[in-house]
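Heads up, data.cif below (mmCIF, C-alpha atoms and all ligand atoms):
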```
data_input
#
loop_
_atom_site.label_atom_id
_atom_site.label_comp_id
_atom_site.auth_asym_id
_atom_site.auth_seq_id
_atom_site.Cartn_x
_atom_site.Cartn_y
_atom_site.Cartn_z
CA MET C 1 0.00 0.00 0.00
CA ARG C 2 0.94 3.67 -0.34
CA ILE C 3 -0.17 5.50 2.75
CA VAL C 4 -0.18 9.12 3.93
CA VAL C 5 0.48 9.48 7.67
CA ALA C 6 -0.49 12.97 8.82
CA GLY C 7 1.22 13.88 12.08
CA GLY C 8 3.76 11.19 11.26
CA ALA C 9 6.63 12.86 13.15
CA GLY C 10 4.79 12.72 16.47
CA PHE C 11 4.87 10.09 19.21
CA LEU C 12 2.24 7.72 17.80
CA GLY C 13 2.49 8.78 14.14
CA SER C 14 6.20 7.97 13.94
CA HIS C 15 5.68 4.50 15.43
CA TYR C 16 2.89 3.95 12.88
CA CYS C 17 5.28 4.94 10.05
CA ASP C 18 7.85 2.44 11.40
CA ARG C 19 5.26 -0.31 11.43
CA LEU C 20 4.02 0.37 7.88
CA ILE C 21 7.57 0.51 6.49
CA ALA C 22 8.46 -2.74 8.32
CA GLU C 23 5.48 -4.39 6.58
CA GLY C 24 6.82 -3.30 3.17
CA HIS C 25 4.43 -0.41 2.48
CA THR C 26 5.31 3.04 1.12
CA VAL C 27 4.74 6.02 3.42
CA VAL C 28 4.35 9.75 2.81
CA CYS C 29 4.70 11.38 6.22
CA LEU C 30 3.30 14.90 6.75
CA ASP C 31 3.98 16.99 9.84
CA ASN C 32 4.28 20.71 10.65
CA LEU C 33 6.62 19.83 13.57
CA ALA C 34 4.51 21.84 16.04
CA THR C 35 4.89 19.04 18.59
CA GLY C 36 6.43 16.32 16.41
CA SER C 37 10.14 15.99 15.77
CA GLU C 38 12.28 14.78 12.89
CA GLU C 39 14.36 12.94 15.50
CA ASN C 40 11.47 10.47 15.74
CA LEU C 41 12.01 9.63 12.05
CA GLU C 42 15.76 9.11 12.37
CA GLY C 43 15.50 5.37 11.68
CA LEU C 44 13.59 5.98 8.43
CA ARG C 45 15.84 8.63 6.92
CA ARG C 46 17.57 6.28 4.45
CA GLU C 47 14.49 4.23 3.65
CA PRO C 48 13.56 4.64 -0.07
CA ARG C 49 9.89 3.80 0.61
CA PHE C 50 9.63 6.65 3.12
CA ALA C 51 9.24 10.37 2.37
CA PHE C 52 8.83 13.24 4.82
CA GLU C 53 7.14 16.53 3.91
CA GLU C 54 7.07 19.37 6.40
CA ARG C 55 3.51 20.53 5.91
CA ASP C 56 0.58 21.86 7.93
CA VAL C 57 -2.46 19.78 6.97
CA CYS C 58 -4.68 22.74 7.92
CA GLU C 59 -3.61 24.39 4.64
CA PRO C 60 -5.13 22.94 1.43
CA PHE C 61 -2.85 20.34 -0.14
CA THR C 62 -2.72 17.35 -2.39
CA ILE C 63 -0.31 14.47 -2.90
CA ALA C 64 0.73 13.37 -6.40
CA GLY C 65 0.00 9.77 -7.40
CA GLY C 66 -2.30 7.07 -6.09
CA LEU C 67 -2.98 6.39 -2.41
CA ASP C 68 -4.48 3.41 -0.61
CA ALA C 69 -4.94 5.01 2.80
CA VAL C 70 -4.73 8.24 4.76
CA ALA C 71 -4.06 7.90 8.49
CA ASN C 72 -4.53 11.10 10.48
CA PHE C 73 -2.53 11.41 13.71
CA ALA C 74 -2.08 15.18 13.49
CA SER C 75 -2.81 17.00 16.76
CA PRO C 76 -1.10 18.25 19.89
CA ALA C 77 -2.44 15.95 22.61
CA SER C 78 -1.10 16.80 26.05
CA PRO C 79 -2.82 18.91 28.73
CA VAL C 80 0.06 21.44 28.58
CA ASP C 81 -0.72 21.83 24.88
CA PHE C 82 -4.39 22.49 25.70
CA LYS C 83 -3.30 25.84 27.18
CA ARG C 84 -0.51 26.73 24.80
CA LEU C 85 -1.96 25.49 21.51
CA SER C 86 -5.75 25.59 22.06
CA LEU C 87 -6.57 27.28 18.73
CA GLU C 88 -4.13 25.11 16.78
CA ILE C 89 -5.75 22.00 18.30
CA LEU C 90 -9.24 23.18 17.29
CA ARG C 91 -8.00 24.01 13.80
CA VAL C 92 -6.19 20.72 13.14
CA GLY C 93 -9.11 18.65 14.43
CA SER C 94 -11.53 20.49 12.15
CA GLN C 95 -9.81 21.97 9.07
CA GLY C 96 -6.87 19.56 9.17
CA THR C 97 -9.15 16.54 9.41
CA TRP C 98 -11.36 17.98 6.66
CA ASN C 99 -8.37 18.33 4.31
CA CYS C 100 -7.21 14.78 5.06
CA LEU C 101 -10.72 13.46 4.42
CA GLU C 102 -10.88 15.36 1.09
CA LEU C 103 -7.58 13.73 0.14
CA ALA C 104 -8.92 10.26 0.98
CA ARG C 105 -12.10 10.97 -0.97
CA ASP C 106 -10.19 12.27 -3.99
CA LYS C 107 -7.87 9.23 -4.04
CA GLN C 108 -10.60 6.72 -3.12
CA ALA C 109 -8.38 5.76 -0.22
CA ARG C 110 -9.27 4.44 3.22
CA PHE C 111 -9.20 6.93 6.07
CA LEU C 112 -8.23 6.36 9.70
CA ILE C 113 -8.68 9.04 12.36
CA THR C 114 -7.01 8.73 15.76
CA CYS C 115 -9.47 10.06 18.31
CA THR C 116 -9.44 9.78 22.04
CA SER C 117 -10.89 8.57 25.32
CA GLU C 118 -11.38 12.32 25.94
CA ALA C 119 -14.52 11.87 23.81
CA TYR C 120 -15.99 10.45 27.05
CA GLY C 121 -14.89 13.51 29.07
CA ASP C 122 -15.24 12.89 32.82
CA PRO C 123 -17.25 9.71 32.29
CA LEU C 124 -20.34 8.83 34.30
CA VAL C 125 -20.34 5.26 32.93
CA HIS C 126 -17.56 2.84 33.80
CA PRO C 127 -15.76 1.22 32.04
CA GLN C 128 -16.36 3.21 28.87
CA SER C 129 -17.80 1.37 25.89
CA GLU C 130 -18.18 3.05 22.50
CA ALA C 131 -21.94 3.15 23.07
CA TYR C 132 -21.45 5.75 25.84
CA TRP C 133 -21.82 9.34 24.51
CA GLY C 134 -19.68 10.97 27.16
CA ASN C 135 -19.74 13.79 29.69
CA VAL C 136 -17.72 16.66 28.22
CA ASN C 137 -17.53 20.23 29.54
CA PRO C 138 -17.76 22.20 26.25
CA VAL C 139 -16.18 25.36 27.71
CA GLY C 140 -13.59 23.93 30.15
CA PRO C 141 -9.78 23.95 29.83
CA ARG C 142 -9.77 20.57 28.07
CA SER C 143 -12.64 21.41 25.72
CA CYS C 144 -10.38 22.52 22.83
CA TYR C 145 -9.09 18.96 22.59
CA ASP C 146 -12.24 17.03 23.51
CA GLU C 147 -14.53 18.96 21.18
CA SER C 148 -11.99 19.11 18.37
CA LYS C 149 -11.73 15.32 18.44
CA ARG C 150 -15.49 14.89 18.77
CA PHE C 151 -15.95 17.20 15.78
CA ALA C 152 -13.35 15.13 13.89
CA GLU C 153 -15.42 12.01 14.57
CA ALA C 154 -18.62 13.73 13.37
CA LEU C 155 -16.85 14.97 10.25
CA THR C 156 -15.47 11.51 9.54
CA MET C 157 -18.93 9.95 9.82
CA ALA C 158 -20.35 12.69 7.53
CA PHE C 159 -17.74 11.93 4.85
CA HIS C 160 -18.57 8.26 5.22
CA ARG C 161 -22.32 8.80 4.90
CA ARG C 162 -22.33 11.56 2.26
CA HIS C 163 -19.37 10.53 0.13
CA GLY C 164 -18.94 6.82 0.87
CA VAL C 165 -15.35 7.22 2.14
CA ALA C 166 -14.17 4.02 3.86
CA THR C 167 -13.50 5.49 7.30
CA ARG C 168 -12.31 4.09 10.64
CA ILE C 169 -12.30 5.81 14.03
CA ALA C 170 -9.95 4.84 16.86
CA ARG C 171 -10.42 6.06 20.44
CA ILE C 172 -6.99 5.94 22.08
CA PHE C 173 -6.55 5.63 25.86
CA ASN C 174 -3.43 7.01 27.67
CA THR C 175 -0.68 5.50 25.53
CA TYR C 176 2.94 5.73 26.64
CA GLY C 177 6.42 4.71 25.60
CA PRO C 178 9.56 5.88 23.79
CA ARG C 179 9.27 9.17 21.83
CA MET C 180 6.90 10.89 24.23
CA ARG C 181 8.16 14.43 24.77
CA LEU C 182 10.16 14.77 27.95
CA ASP C 183 8.48 18.11 28.73
CA ASP C 184 4.94 17.40 27.59
CA GLY C 185 3.66 17.41 31.18
CA ARG C 186 1.76 14.15 30.94
CA VAL C 187 2.00 11.83 33.88
CA VAL C 188 4.25 9.24 32.23
CA PRO C 189 7.13 11.47 31.03
CA ALA C 190 6.74 13.79 34.03
CA LEU C 191 7.03 11.07 36.67
CA VAL C 192 9.61 9.02 34.79
CA ALA C 193 11.83 12.11 34.43
CA GLN C 194 11.36 13.03 38.10
CA ALA C 195 12.20 9.49 39.21
CA LEU C 196 15.34 9.44 37.05
CA ARG C 197 16.45 12.81 38.47
CA GLY C 198 15.80 11.64 42.03
CA GLU C 199 13.12 14.32 42.51
CA PRO C 200 9.80 13.85 44.33
CA LEU C 201 7.03 12.56 42.06
CA THR C 202 4.23 15.09 41.50
CA VAL C 203 0.79 13.57 42.07
CA PHE C 204 -2.17 15.83 41.36
CA GLY C 205 -5.06 15.68 43.82
CA ASP C 206 -4.98 12.69 46.18
CA GLY C 207 -3.97 10.36 43.36
CA SER C 208 -7.18 8.33 43.57
CA GLN C 209 -8.10 9.26 39.97
CA THR C 210 -7.45 6.38 37.59
CA ARG C 211 -6.03 5.93 34.11
CA SER C 212 -5.50 2.82 32.00
CA PHE C 213 -2.07 2.87 30.39
CA CYS C 214 -1.39 1.19 27.05
CA TYR C 215 2.16 0.52 25.86
CA VAL C 216 2.85 2.07 22.45
CA ASP C 217 3.61 -1.23 20.63
CA ASP C 218 0.21 -2.61 21.64
CA GLU C 219 -1.53 0.60 20.61
CA ILE C 220 0.16 0.64 17.19
CA ASP C 221 -0.79 -2.99 16.60
CA GLY C 222 -4.45 -2.20 17.35
CA LEU C 223 -4.40 0.87 15.10
CA ARG C 224 -2.81 -1.13 12.29
CA ARG C 225 -5.48 -3.82 12.53
CA LEU C 226 -8.18 -1.17 12.53
CA LEU C 227 -6.98 0.17 9.18
CA ASP C 228 -7.79 -3.23 7.62
CA CYS C 229 -11.19 -3.52 9.29
CA ASP C 230 -14.49 -2.56 7.62
CA ASP C 231 -16.37 -1.06 10.54
CA PRO C 232 -16.81 2.75 10.40
CA TYR C 233 -17.91 3.19 14.02
CA PRO C 234 -15.48 4.08 16.82
CA VAL C 235 -13.32 1.37 18.37
CA ASN C 236 -11.63 1.79 21.77
CA ILE C 237 -7.94 0.86 21.54
CA GLY C 238 -6.55 0.84 25.05
CA ASN C 239 -5.42 -1.33 27.93
CA PRO C 240 -8.19 -2.19 30.40
CA ARG C 241 -5.84 -2.46 33.41
CA GLU C 242 -6.98 0.49 35.49
CA THR C 243 -4.46 2.10 37.86
CA PRO C 244 -4.92 4.89 40.44
CA ILE C 245 -2.33 7.60 39.81
CA ILE C 246 -0.87 7.22 43.31
CA GLU C 247 -0.24 3.54 42.62
CA PHE C 248 1.23 4.45 39.23
CA ALA C 249 3.65 6.84 40.98
CA ARG C 250 4.74 4.05 43.35
CA ILE C 251 5.35 1.68 40.42
CA VAL C 252 7.47 4.27 38.57
CA GLY C 253 9.42 5.14 41.73
CA GLY C 254 10.01 1.45 42.48
CA LEU C 255 11.27 0.67 38.97
CA ALA C 256 13.65 3.62 39.13
CA GLY C 257 14.93 2.37 42.50
CA GLN C 258 13.74 5.51 44.22
CA PRO C 259 12.59 5.68 47.85
CA GLU C 260 8.95 6.76 47.95
CA ARG C 261 8.73 10.56 47.79
CA ILE C 262 5.47 12.05 46.55
CA ALA C 263 4.75 15.78 46.18
CA PHE C 264 1.00 16.28 46.14
CA GLN C 265 -0.23 19.19 43.99
CA PRO C 266 -3.71 20.55 43.26
CA LEU C 267 -5.89 18.59 40.85
CA PRO C 268 -6.33 20.50 37.54
CA ALA C 269 -9.88 21.56 36.59
CA ASP C 270 -12.02 18.91 34.86
CA ASP C 271 -9.42 16.17 35.42
CA PRO C 272 -11.37 12.96 34.68
CA LYS C 273 -11.83 10.84 37.84
CA ARG C 274 -11.86 7.41 36.26
CA ARG C 275 -10.95 6.12 32.86
CA CYS C 276 -10.91 2.56 31.58
CA PRO C 277 -11.74 1.19 28.14
CA ASP C 278 -14.23 -1.57 27.46
CA ILE C 279 -12.38 -3.29 24.59
CA THR C 280 -15.04 -5.85 23.66
CA ARG C 281 -15.36 -4.33 20.17
CA ALA C 282 -11.58 -4.32 19.58
CA ARG C 283 -11.39 -7.96 20.69
CA GLN C 284 -14.27 -8.99 18.40
CA LEU C 285 -13.52 -6.87 15.32
CA LEU C 286 -9.72 -6.88 15.37
CA GLY C 287 -8.84 -9.98 17.39
CA TRP C 288 -6.72 -7.55 19.39
CA GLU C 289 -5.86 -7.06 23.01
CA PRO C 290 -2.83 -5.52 24.69
CA ARG C 291 0.04 -7.80 25.71
CA VAL C 292 2.73 -5.67 27.36
CA PRO C 293 2.34 -5.47 31.16
CA LEU C 294 2.61 -1.98 32.70
CA GLU C 295 5.86 -2.74 34.55
CA GLU C 296 7.52 -4.05 31.38
CA GLY C 297 6.36 -1.08 29.28
CA LEU C 298 7.58 1.31 31.96
CA ARG C 299 10.97 -0.41 32.10
CA ARG C 300 11.38 0.19 28.36
CA THR C 301 10.19 3.79 28.78
CA LEU C 302 12.67 4.40 31.60
CA ASP C 303 15.46 3.09 29.37
CA TYR C 304 14.45 5.52 26.63
CA PHE C 305 14.25 8.54 28.94
CA ARG C 306 17.45 7.82 30.90
CA GLU C 307 19.68 9.14 28.11
CA ARG C 308 17.38 12.11 27.43
CA VAL C 309 17.24 13.17 31.04
CA ARG C 310 21.04 13.05 31.19
CA ALA C 311 21.33 15.11 27.98
CA ALA C 312 18.78 17.67 29.24
CA ALA C 313 20.67 17.95 32.55
CA GLY C 314 23.87 18.61 30.56
CA ARG C 315 22.08 21.47 28.76
CA GLY C 316 20.78 22.72 32.11
CA GLY C 317 17.08 22.19 31.28
CA GLY C 318 14.36 19.67 30.55
CA ALA C 319 12.14 20.13 33.59
CA PRO C 320 8.50 19.38 32.81
CA ALA C 321 6.53 22.45 31.74
CA PRO C 322 4.13 23.83 34.37
CA ARG C 323 0.43 22.98 33.98
N1 LIG C 401 -0.92 13.80 36.78
C1 LIG C 401 -0.21 13.79 37.96
N2 LIG C 401 1.05 14.31 38.00
C2 LIG C 401 1.65 14.85 36.90
C3 LIG C 401 0.94 14.85 35.67
C4 LIG C 401 -0.35 14.32 35.65
O1 LIG C 401 -0.72 13.32 39.00
O2 LIG C 401 2.79 15.32 37.00
C5 LIG C 401 -2.27 13.20 36.74
C6 LIG C 401 -3.33 14.04 36.06
O3 LIG C 401 -3.93 14.93 36.96
C7 LIG C 401 -4.29 12.97 35.58
C8 LIG C 401 -3.39 11.77 35.27
O4 LIG C 401 -2.18 12.02 35.99
O5 LIG C 401 -5.19 12.60 36.59
C9 LIG C 401 -3.07 11.60 33.80
O6 LIG C 401 -2.64 12.85 33.32
P1 LIG C 401 -2.09 13.07 31.86
O7 LIG C 401 -1.83 14.53 31.70
O8 LIG C 401 -0.98 12.13 31.59
O9 LIG C 401 -3.26 12.60 30.88
P2 LIG C 401 -4.85 12.82 30.86
O10 LIG C 401 -5.28 13.60 32.07
O11 LIG C 401 -5.13 13.53 29.60
O12 LIG C 401 -5.38 11.44 30.91
#
```

Show this structure as structure tokens.
Amino acid sequence: MRIVVAGGAGFLGSHYCDRLIAEGHTVVCLDNLATGSEENLEGLRREPRFAFEERDVCEPFTIAGGLDAVANFASPASPVDFKRLSLEILRVGSQGTWNCLELARDKQARFLITCTSEAYGDPLVHPQSEAYWGNVNPVGPRSCYDESKRFAEALTMAFHRRHGVATRIARIFNTYGPRMRLDDGRVVPALVAQALRGEPLTVFGDGSQTRSFCYVDDEIDGLRRLLDCDDPYPVNIGNPRETPIIEFARIVGGLAGQPERIAFQPLPADDPKRRCPDITRARQLLGWEPRVPLEEGLRRTLDYFRERVRAAAGRGGGAPAPR
């Protein structure tokens, strides 16, 4: 296949490019490098089936030649970005997604959109199945991301219904692993970096809020299977092991060999209290479920960040951005 990966220089997009190239496909990777990095594509630089174009998908564009699929990963996705890049997030979820859908329609290609568990907001139903419509604050600090992604889902369904585009919608739950940004403020890079520096681990609120963490290799495998599936309705791709954040902090501290030191900080507004995917649909449609245990995934993530934390310390920086 020849596949466009929008947002292909980001955390998930770059792993998706790796996977497609490893399978023998040809990839055209688009990214405006707002939060992505060419460093993530280092391993693909000499690959003749891989091309990178620095491009903002919010501007009209086309790609010469035939295409089999368009996979859209383009969006800033961390709560620190929700403050800093709110308008860019709203624009890429709407106009950017629209342009990618037009490309898929024009080329009669399949379209995959990577959406989010944030579609469920602060959920009142637990665990969250795709049948749940969510509990989203439309004007809160997270709304730029939640509503942008919900709009992207609506737009995708409209292209499917009006124009017959073969669309797939993934809802991704807290995925972690190598190539996350050290300073993106999310709990995995923040706590891993703190543990490696021997600093106290910042836990927001009392740490009783839960998340369900999926290792990146599992996530990419689910997203790859989804591209080949025929079902246009959303599919949760996440790990159903639910962990309170305080317990998560203890696991990270323990793996880093750190004595337990927690610094409690105020809980940010609208922070979801519980989050856990019901993955019945993914199991049935894709024959998929996650395999990498949290401790193993975190070990690999610690290995990745160890060198980066050292390099950042050498430059005299790299502390997580404030929320
Ligand atoms: N969190 C925390 N300490 C941090 C960063 C985040 O306790 O340094 C909490 C945050 O309040 C949330 C959870 O960890 O309850 C996951 O936060 P993250 O920003 O990673 O993702 P999201 O809230 O979007 O799931």

Within 8 Å of ligand LIG 401 (chain C) (counting all atoms listed in the file), which residues show up? I'd like them as a PyMOL selection string. chain C and resi 77-80+118+173-174+185-188+190-191+201-205+207+209-211+245-246+264-265+267-268+271-273+275

Can you sort out the box for segment 158-168 of chain C, edges along x, y and z, all listed atoms in, 4 Å on every side, with centre and edge lengths in Å to one decimal, as AutoDock Vina command-line options?
```
--center_x -17.3 --center_y 8.4 --center_z 5.4 --size_x 18.0 --size_y 16.7 --size_z 18.5
```

Work out how far apart atom CA of Pro293 of chain C and atom CA of His126 of chain C are and give it in Å to one decimal. 21.7 Å

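Atom pair atom CA of Glu199 of chain C / atom CA of Ile262 of chain C: separated by 8.9 Å.
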
Counting all atoms listed in the file, what is within 8 Å of segment 140-149 of chain C, bar same-chain residues fewer than 5 positions away, as a ChimeraX atom specification? /C:77,79,82-83,86-87,89-94,115-116,118-119,121,269-270

Between atom CA of Leu182 of chain C and atom CA of Arg45 of chain C - distance in Å to one decimal: 22.6 Å

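At a cut-off of 7 Å from (-2.4, 4.7, 32.8), the residue set is Asn174, Arg211, Ser212, Phe213, Cys214, Glu242 and Thr243 of chain C (counting only C-alpha atoms).
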
List as a VMD selection string the protein and nucleic acid residues near segment 57-61 of chain C, meaning an atom at most 10 Å away when all atoms listed in the file are counted, but skip any in the same chain fewer than 3 places from it. chain C and resid 6 to 7 30 to 32 54 72 74 88 91 to 100 102 to 103

Tell me, as an mmCIF file with C-alpha atoms, in the frame of the given file, which residues lie within 10 Å of Trp288 of chain C, counting all atoms listed in the file; anything in the same chain fewer than 4 positions away does not count.
```
data_model
loop_
_atom_site.group_PDB
_atom_site.id
_atom_site.type_symbol
_atom_site.label_atom_id
_atom_site.label_comp_id
_atom_site.auth_asym_id
_atom_site.auth_seq_id
_atom_site.Cartn_x
_atom_site.Cartn_y
_atom_site.Cartn_z
ATOM 1 C CA ASP C 218 0.210 -2.610 21.640
ATOM 2 C CA GLU C 219 -1.530 0.600 20.610
ATOM 3 C CA ASP C 221 -0.790 -2.990 16.600
ATOM 4 C CA GLY C 222 -4.450 -2.200 17.350
ATOM 5 C CA LEU C 223 -4.400 0.870 15.100
ATOM 6 C CA ARG C 225 -5.480 -3.820 12.530
ATOM 7 C CA LEU C 226 -8.180 -1.170 12.530
ATOM 8 C CA ILE C 237 -7.940 0.860 21.540
ATOM 9 C CA ILE C 279 -12.380 -3.290 24.590
ATOM 10 C CA THR C 280 -15.040 -5.850 23.660
ATOM 11 C CA ARG C 281 -15.360 -4.330 20.170
ATOM 12 C CA ALA C 282 -11.580 -4.320 19.580
ATOM 13 C CA ARG C 283 -11.390 -7.960 20.690
ATOM 14 C CA GLN C 284 -14.270 -8.990 18.400
#
```

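The nearest approach to Ala311 of chain C among the residues C:Leu67, C:Ala193, C:Thr156, C:Thr175, with only C-alpha atoms taken into account, belongs to C:Ala193.
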
12 Å contact set for Gly198 of chain C, only C-alpha atoms, chain neighbours under 6 positions out, as number ranges by chain: C: 191-192, 252-254, 256-262, 306, 309

Atoms added to segment 82-91 of chain C (all heavy atoms), reported as a short mmCIF file (atom, residue, chain, number, x, y, z; two decimals), in the coordinates of the input:
```cif
data_model
loop_
_atom_site.label_atom_id
_atom_site.label_comp_id
_atom_site.auth_asym_id
_atom_site.auth_seq_id
_atom_site.Cartn_x
_atom_site.Cartn_y
_atom_site.Cartn_z
N PHE C 82 -3.02 21.96 25.71
CA PHE C 82 -4.39 22.49 25.70
C PHE C 82 -4.38 23.98 26.01
O PHE C 82 -5.21 24.74 25.54
CB PHE C 82 -5.29 21.76 26.70
CG PHE C 82 -5.40 20.26 26.50
CD1 PHE C 82 -6.00 19.45 27.46
CD2 PHE C 82 -4.92 19.65 25.35
CE1 PHE C 82 -6.11 18.08 27.29
CE2 PHE C 82 -5.01 18.27 25.17
CZ PHE C 82 -5.60 17.49 26.14
N LYS C 83 -3.42 24.42 26.84
CA LYS C 83 -3.30 25.84 27.18
C LYS C 83 -2.58 26.59 26.06
O LYS C 83 -3.03 27.60 25.59
CB LYS C 83 -2.44 25.95 28.45
CG LYS C 83 -3.20 26.46 29.65
CD LYS C 83 -2.24 26.66 30.81
CE LYS C 83 -2.77 25.91 32.02
NZ LYS C 83 -1.81 25.74 33.07
N ARG C 84 -1.45 26.05 25.69
CA ARG C 84 -0.51 26.73 24.80
C ARG C 84 -0.99 26.74 23.35
O ARG C 84 -0.74 27.68 22.61
CB ARG C 84 0.81 25.92 24.90
CG ARG C 84 2.08 26.56 24.46
CD ARG C 84 3.26 25.66 24.86
NE ARG C 84 3.20 24.33 24.29
CZ ARG C 84 3.81 23.95 23.16
NH1 ARG C 84 4.53 24.80 22.49
NH2 ARG C 84 3.71 22.70 22.72
N LEU C 85 -1.64 25.67 22.93
CA LEU C 85 -1.96 25.49 21.51
C LEU C 85 -3.46 25.24 21.30
O LEU C 85 -3.85 24.50 20.40
CB LEU C 85 -1.16 24.29 20.95
CG LEU C 85 0.37 24.44 20.96
CD1 LEU C 85 1.05 23.12 20.58
CD2 LEU C 85 0.81 25.53 19.97
N SER C 86 -4.31 25.87 22.12
CA SER C 86 -5.75 25.59 22.06
C SER C 86 -6.32 25.83 20.66
O SER C 86 -7.07 25.00 20.13
CB SER C 86 -6.51 26.43 23.09
OG SER C 86 -6.14 27.79 22.95
N LEU C 87 -5.98 26.95 20.05
CA LEU C 87 -6.57 27.28 18.73
C LEU C 87 -6.02 26.35 17.65
O LEU C 87 -6.76 25.91 16.76
CB LEU C 87 -6.30 28.74 18.38
CG LEU C 87 -6.96 29.73 19.35
CD1 LEU C 87 -6.55 31.16 19.02
CD2 LEU C 87 -8.48 29.60 19.32
N GLU C 88 -4.74 26.03 17.75
CA GLU C 88 -4.13 25.11 16.78
C GLU C 88 -4.79 23.73 16.87
O GLU C 88 -5.00 23.06 15.86
CB GLU C 88 -2.62 24.97 17.04
CG GLU C 88 -1.79 26.20 16.69
CD GLU C 88 -1.81 27.28 17.77
OE1 GLU C 88 -2.59 27.17 18.74
OE2 GLU C 88 -1.05 28.25 17.62
N ILE C 89 -5.10 23.31 18.10
CA ILE C 89 -5.75 22.00 18.30
C ILE C 89 -7.14 22.00 17.65
O ILE C 89 -7.52 21.07 16.93
CB ILE C 89 -5.84 21.67 19.81
CG1 ILE C 89 -4.45 21.36 20.37
CG2 ILE C 89 -6.81 20.51 20.06
CD1 ILE C 89 -4.40 21.23 21.89
N LEU C 90 -7.90 23.09 17.88
CA LEU C 90 -9.24 23.18 17.29
C LEU C 90 -9.15 23.21 15.76
O LEU C 90 -9.98 22.62 15.06
CB LEU C 90 -9.97 24.42 17.82
CG LEU C 90 -10.50 24.22 19.24
CD1 LEU C 90 -10.71 25.56 19.94
CD2 LEU C 90 -11.81 23.43 19.23
N ARG C 91 -8.14 23.87 15.25
CA ARG C 91 -8.00 24.01 13.80
C ARG C 91 -7.59 22.67 13.15
O ARG C 91 -8.11 22.29 12.12
CB ARG C 91 -6.97 25.10 13.51
CG ARG C 91 -6.93 25.52 12.10
CD ARG C 91 -6.57 26.97 11.93
NE ARG C 91 -6.46 27.26 10.50
CZ ARG C 91 -5.31 27.30 9.85
NH1 ARG C 91 -4.18 27.14 10.49
NH2 ARG C 91 -5.30 27.54 8.55
#
```
